[in-house]
$ cat upload_36.cif   # mmCIF, C-alpha atoms
data_final
loop_
_atom_site.label_atom_id
_atom_site.label_comp_id
_atom_site.auth_asym_id
_atom_site.auth_seq_id
_atom_site.Cartn_x
_atom_site.Cartn_y
_atom_site.Cartn_z
CA LEU A 20 1.07 -11.03 -7.02
CA LEU A 21 3.50 -8.75 -5.23
CA VAL A 22 7.24 -9.46 -5.42
CA LEU A 23 9.68 -7.11 -3.75
CA ALA A 24 13.31 -7.87 -4.65
CA GLY A 25 16.65 -6.14 -4.70
CA ASP A 26 19.58 -4.79 -2.77
CA PHE A 27 17.97 -3.51 0.43
CA ASN A 28 21.31 -2.48 1.96
CA ALA A 29 19.76 -4.13 5.01
CA ASN A 30 20.04 -7.62 6.45
CA ALA A 31 17.94 -9.47 9.05
CA ALA A 32 19.32 -7.19 11.76
CA SER A 33 17.63 -4.17 10.20
CA GLN A 34 14.26 -2.77 11.05
CA THR A 35 13.64 -2.51 7.30
CA VAL A 36 13.73 -6.28 6.78
CA GLN A 37 12.11 -7.09 10.13
CA GLY A 38 9.29 -4.67 9.33
CA LEU A 39 8.42 -6.68 6.22
CA TRP A 40 8.26 -10.08 7.98
CA PRO A 41 4.72 -9.64 9.34
CA HIS A 42 3.42 -8.67 5.90
CA LEU A 43 5.32 -10.66 3.27
CA LEU A 44 7.01 -14.01 3.00
CA HIS A 45 10.80 -13.70 3.08
CA VAL A 46 11.37 -15.94 0.05
CA TYR A 47 15.16 -15.78 -0.13
CA ASN A 48 18.25 -13.71 0.62
CA SER A 49 21.84 -13.87 -0.53
CA PRO A 50 24.89 -14.42 1.63
CA SER A 51 26.32 -11.07 0.42
CA PHE A 52 27.03 -8.65 3.25
CA GLY A 53 25.10 -10.76 5.73
CA GLY A 54 22.03 -11.07 3.50
CA VAL A 55 21.31 -7.60 2.07
CA ASP A 56 19.89 -8.86 -1.25
CA ASN A 57 16.35 -10.07 -0.64
CA ILE A 58 13.21 -11.42 -2.27
CA PHE A 59 9.83 -10.98 -0.54
CA ALA A 60 6.41 -11.94 -1.90
CA ASN A 61 2.78 -12.17 -0.84
CA VAL A 62 2.60 -15.92 -1.40
CA PRO A 63 2.40 -18.93 0.93
CA ARG A 64 5.65 -20.81 1.63
CA GLU A 65 4.32 -23.74 -0.44
CA ALA A 66 4.43 -21.55 -3.57
CA VAL A 67 8.23 -21.36 -3.43
CA VAL A 68 9.49 -24.04 -5.81
CA GLU A 69 13.16 -23.13 -6.00
CA THR A 70 15.64 -20.52 -4.81
CA ASN A 71 19.15 -20.04 -6.13
CA ASP A 72 22.30 -18.09 -5.45
CA LEU A 73 23.61 -17.39 -8.95
CA GLY A 74 27.01 -16.15 -7.80
CA SER A 75 28.70 -12.80 -8.07
CA GLY A 76 29.49 -12.57 -11.77
CA GLY A 77 32.17 -10.03 -10.83
CA SER A 78 29.97 -7.92 -8.55
CA ASP A 79 30.41 -7.56 -4.81
CA HIS A 80 26.83 -8.89 -4.48
CA HIS A 81 25.39 -12.23 -5.55
CA ALA A 82 22.51 -12.47 -7.99
CA ILE A 83 19.60 -14.45 -6.54
CA SER A 84 16.48 -15.98 -8.04
CA ALA A 85 13.26 -17.63 -6.96
CA VAL A 86 10.70 -19.69 -8.85
CA LEU A 87 7.14 -19.43 -7.59
CA SER A 88 4.26 -21.71 -8.62
CA LEU A 89 0.84 -20.33 -7.94
CA PRO A 90 -2.50 -22.06 -8.40
CA VAL A 91 -5.25 -19.77 -9.69
CA GLY A 92 -6.65 -17.63 -6.87
CA SER A 93 -3.83 -18.42 -4.44
CA VAL A 94 -2.42 -14.89 -4.13
CA SER A 95 -3.82 -12.60 -1.50
CA GLU A 96 -3.02 -9.02 -0.58
CA THR A 97 -1.27 -10.32 2.52
CA ALA A 98 0.27 -13.75 2.74
CA ASN A 99 -0.80 -16.14 5.46
CA ILE A 100 1.09 -14.81 8.48
CA SER A 101 1.70 -18.33 9.81
CA SER A 102 3.75 -19.03 6.67
CA LYS A 103 6.40 -16.41 7.39
CA GLU A 104 9.85 -17.90 7.55
CA PRO A 105 12.60 -15.37 8.10
CA GLY A 106 14.90 -18.15 9.32
CA SER A 107 17.23 -18.06 6.30
CA ALA A 108 17.70 -14.30 6.72
CA VAL A 109 18.58 -14.74 10.40
CA ASP A 110 20.91 -17.60 9.46
CA ALA A 111 22.73 -15.37 6.94
CA LEU A 112 23.08 -12.73 9.65
CA GLN A 113 24.48 -15.25 12.14
CA HIS A 114 27.10 -16.42 9.64
CA ALA A 115 28.09 -12.99 8.31
CA LYS A 116 31.70 -11.97 8.74
CA GLY A 117 32.91 -8.77 10.40
CA SER A 118 30.79 -5.67 10.15
CA ASN A 119 28.44 -7.41 7.67
CA GLY A 120 26.70 -8.89 10.71
CA CYS A 121 26.06 -5.57 12.43
CA MET A 122 22.88 -3.57 12.32
CA PHE A 123 23.52 -0.05 11.01
CA GLU A 124 21.10 2.84 11.46
CA PRO A 125 22.38 5.84 9.47
CA LYS A 126 21.46 9.29 10.78
CA GLU A 127 20.47 7.82 14.15
CA LEU A 128 22.21 8.68 17.40
CA TYR A 129 21.64 6.18 20.22
CA VAL A 130 21.53 8.00 23.55
CA PHE A 131 22.54 6.09 26.70
CA SER A 132 22.45 7.08 30.35
CA GLU A 133 25.55 9.03 31.35
CA ASN A 134 26.64 6.42 33.90
CA SER A 135 26.28 3.39 31.60
CA TRP A 136 29.27 1.35 30.44
CA ALA A 137 31.18 3.08 27.64
CA VAL A 138 34.51 2.94 25.84
CA PHE A 139 35.45 5.79 23.51
CA LYS A 140 37.71 5.35 20.47
CA HIS A 141 38.96 8.48 18.73
CA ASN A 142 39.75 9.01 15.06
CA ILE A 143 37.85 6.02 13.72
CA VAL A 144 36.71 7.37 10.36
CA ASP A 145 34.28 4.64 9.24
CA PRO A 146 31.21 3.26 11.05
CA ARG A 147 32.05 -0.26 9.83
CA ILE A 148 35.36 -0.07 11.68
CA CYS A 149 33.49 1.17 14.76
CA CYS A 150 31.28 -1.92 14.47
CA ASP A 151 34.33 -4.17 14.06
CA VAL A 152 35.86 -2.68 17.23
CA CYS A 153 32.59 -3.27 19.09
CA GLN A 154 32.55 -6.91 17.92
CA VAL A 155 35.92 -7.61 19.55
CA THR A 156 35.40 -5.55 22.72
CA LYS A 157 34.08 -7.58 25.63
CA GLY A 158 30.75 -6.21 26.84
CA CYS A 159 29.98 -4.12 23.75
CA THR A 160 26.47 -4.63 22.38
CA ALA A 161 25.95 -1.31 20.59
CA PHE A 162 28.00 1.42 18.98
CA VAL A 163 27.58 5.05 18.04
CA TRP A 164 29.83 6.53 15.37
CA GLU A 165 29.94 10.27 14.84
CA GLU A 166 31.70 11.81 11.87
CA TRP A 167 32.33 14.86 14.02
CA ASN A 168 32.09 15.00 17.80
CA GLU A 169 32.59 18.45 19.30
CA GLY A 170 34.16 17.11 22.51
CA ALA A 171 36.57 14.84 20.62
CA LYS A 172 37.24 17.46 17.95
CA GLY A 173 36.97 14.77 15.30
CA PRO A 174 35.38 11.41 14.60
CA LEU A 175 34.32 9.38 17.63
CA CYS A 176 33.33 5.74 18.06
CA SER A 177 31.42 5.11 21.30
CA LEU A 178 31.14 1.49 22.36
CA ARG A 179 28.14 0.86 24.60
CA LYS A 180 26.45 -1.91 26.54
CA GLY A 181 22.72 -2.37 26.83
CA LYS A 182 19.79 -0.66 25.17
CA PRO A 183 19.66 3.05 24.40
CA LEU A 184 17.32 5.30 26.38
CA ARG A 185 16.22 6.93 23.14
CA VAL A 186 17.26 7.48 19.55
CA ASP A 187 17.85 11.00 18.23
CA HIS A 188 18.28 12.08 14.63
CA LYS A 189 21.76 13.29 13.66
CA ALA A 190 22.78 13.50 10.01
CA SER A 191 26.46 12.75 10.67
CA ALA A 192 25.94 9.75 12.97
CA VAL A 193 25.52 6.01 12.50
CA SER A 194 24.41 3.83 15.39
CA GLY A 195 23.95 0.12 15.52
CA LEU A 196 24.16 -3.21 17.25
CA SER A 197 26.91 -5.81 17.36
CA GLN A 198 26.27 -9.01 15.45
CA ALA A 199 25.36 -10.90 18.64
CA ALA A 200 22.90 -8.21 19.77
CA ALA A 201 21.48 -7.78 16.25
CA THR A 202 20.99 -11.54 15.90
CA GLU A 203 19.23 -11.68 19.26
CA VAL A 204 16.84 -8.92 18.17
CA ALA A 205 16.27 -10.54 14.76
CA LEU A 206 15.55 -13.93 16.31
CA SER A 207 13.06 -12.47 18.78
CA ARG A 208 11.25 -10.59 15.98
CA ALA A 209 11.33 -13.63 13.68
CA LEU A 210 9.56 -15.71 16.33
CA LYS A 211 6.71 -13.20 16.70
#
$ encode --input "upload_36.cif" --output "structure tokens"
Amino acid sequence: LLVLAGDFNANAASQTVQGLWPHLLHVYNSPSFGGVDNIFANVPREAVVETNDLGSGGSDHHAISAVLSLPVGSVSETANISSKEPGSAVDALQHAKGSNGCMFEPKELYVFSENSWAVFKHNIVDPRICCDVCQVTKGCTAFVWEEWNEGAKGPLCSLRKGKPLRVDHKASAVSGLSQAAATEVALSRALK
């Protein structure tokens, strides 16, 4: 039996969570921060007897639990792929509030064509705020936040539309998708 549980700092919008869907059953996730607390296991969906959100207990996250019932010999190294059900994770993402619904990729710099749609916001000092600005800006589907941009001589939030041409590594950058774009990606990967 393999159970992988904890604060992933990643919700259904993330490649981390989506990368596990083909291999493990997404047993449960909390509503905290759009679903960053997760339980995965190599069991069939029928083995999940009960899942619970135990509340915050004073933390900014919710404690979660799952009860699994396994007949002898029912656990395999990889769960039956047809039993994958990331729907609750996608649902938590869809209902997340503010930047909790965004996909964040730390140390990644999305690169777009020079003539693509862009809006630049200076002096935004937090990538979550950059995401929030993207969420309320018509046409924005992605954002790139840089702690230091040489041209701006300070922090820069670039709001973008469409898919990046490539992704470069940059230690002081965070790129990501708006909640609508992240949900669209998560839904398409969940259906695979």
$ atom_distance --input "upload_36.cif" --atom1 "CA of Val55 in chain A" --atom2 "CA of Asp26 in chain A"
5.9 Å
$ closest_residue --input "upload_36.cif" --among "A:Cys121, A:Leu23, A:Ala29, A:Val130" --to "His188 in chain A" --atoms "only C-alpha atoms"
A:Val130
$ atom_distance --input "upload_36.cif" --atom1 "CA of Pro41 in chain A" --atom2 "CA of Ile83 in chain A"
22.3 Å
$ closest_residue --input "upload_36.cif" --among "A:Val186, A:Leu21, A:Val68, A:Ala60" --to "Ser132 in chain A" --atoms "only C-alpha atoms"
A:Val186
$ atom_distance --input "upload_36.cif" --atom1 "CA of Glu127 in chain A" --atom2 "CA of Ser194 in chain A"
5.7 Å
$ resolve_selection --input "upload_36.cif" --expression "the PyMOL selection byres ((chain A and resi 105) around 10)" --output "PyMOL selection string"
chain A and resi 31+36-37+39-41+43-48+102-104+106-110+205-206+208-210
$ closest_residue --input "upload_36.cif" --among "A:Gly53, A:Ala190, A:His114, A:Pro90" --to "Ala66 in chain A" --atoms "all atoms listed in the file"
A:Pro90
$ residues_around --input "upload_36.cif" --residues "range 74-76 of chain A" --least-positions-apart "3" --cutoff "12 Å" --atoms "only C-alpha atoms" --output "count of residues only"
11
$ residues_around --input "upload_36.cif" --residues "range 163-171 of chain A" --least-positions-apart "6" --cutoff "6 Å" --atoms "all atoms listed in the file" --output "ChimeraX atom specification"
/A:146,177,191-194
$ residues_around --input "upload_36.cif" --residues "Phe139 in chain A" --least-positions-apart "3" --cutoff "8 Å" --atoms "only C-alpha atoms" --output "VMD selection string"
chain A and resid 175 to 178
$ resolve_selection --input "upload_36.cif" --expression "the PyMOL selection byres ((chain A and resi 202) around 7)" --output "PDB file with C-alpha atoms, in the frame of the given file"
ATOM      1  CA  ALA A  32      19.320  -7.190  11.760  1.00  0.00           C
ATOM      2  CA  VAL A 109      18.580 -14.740  10.400  1.00  0.00           C
ATOM      3  CA  LEU A 112      23.080 -12.730   9.650  1.00  0.00           C
ATOM      4  CA  GLN A 113      24.480 -15.250  12.140  1.00  0.00           C
ATOM      5  CA  GLN A 198      26.270  -9.010  15.450  1.00  0.00           C
ATOM      6  CA  ALA A 199      25.360 -10.900  18.640  1.00  0.00           C
ATOM      7  CA  ALA A 200      22.900  -8.210  19.770  1.00  0.00           C
ATOM      8  CA  ALA A 201      21.480  -7.780  16.250  1.00  0.00           C
ATOM      9  CA  GLU A 203      19.230 -11.680  19.260  1.00  0.00           C
ATOM     10  CA  VAL A 204      16.840  -8.920  18.170  1.00  0.00           C
ATOM     11  CA  ALA A 205      16.270 -10.540  14.760  1.00  0.00           C
ATOM     12  CA  LEU A 206      15.550 -13.930  16.310  1.00  0.00           C
TER      13      LEU A 206
END
$ resolve_selection --input "upload_36.cif" --expression "the PyMOL selection byres ((chain A and resi 153) around 10)" --output "PyMOL selection string"
chain A and resi 118+121+138+147-152+154-163+176-180+195-198
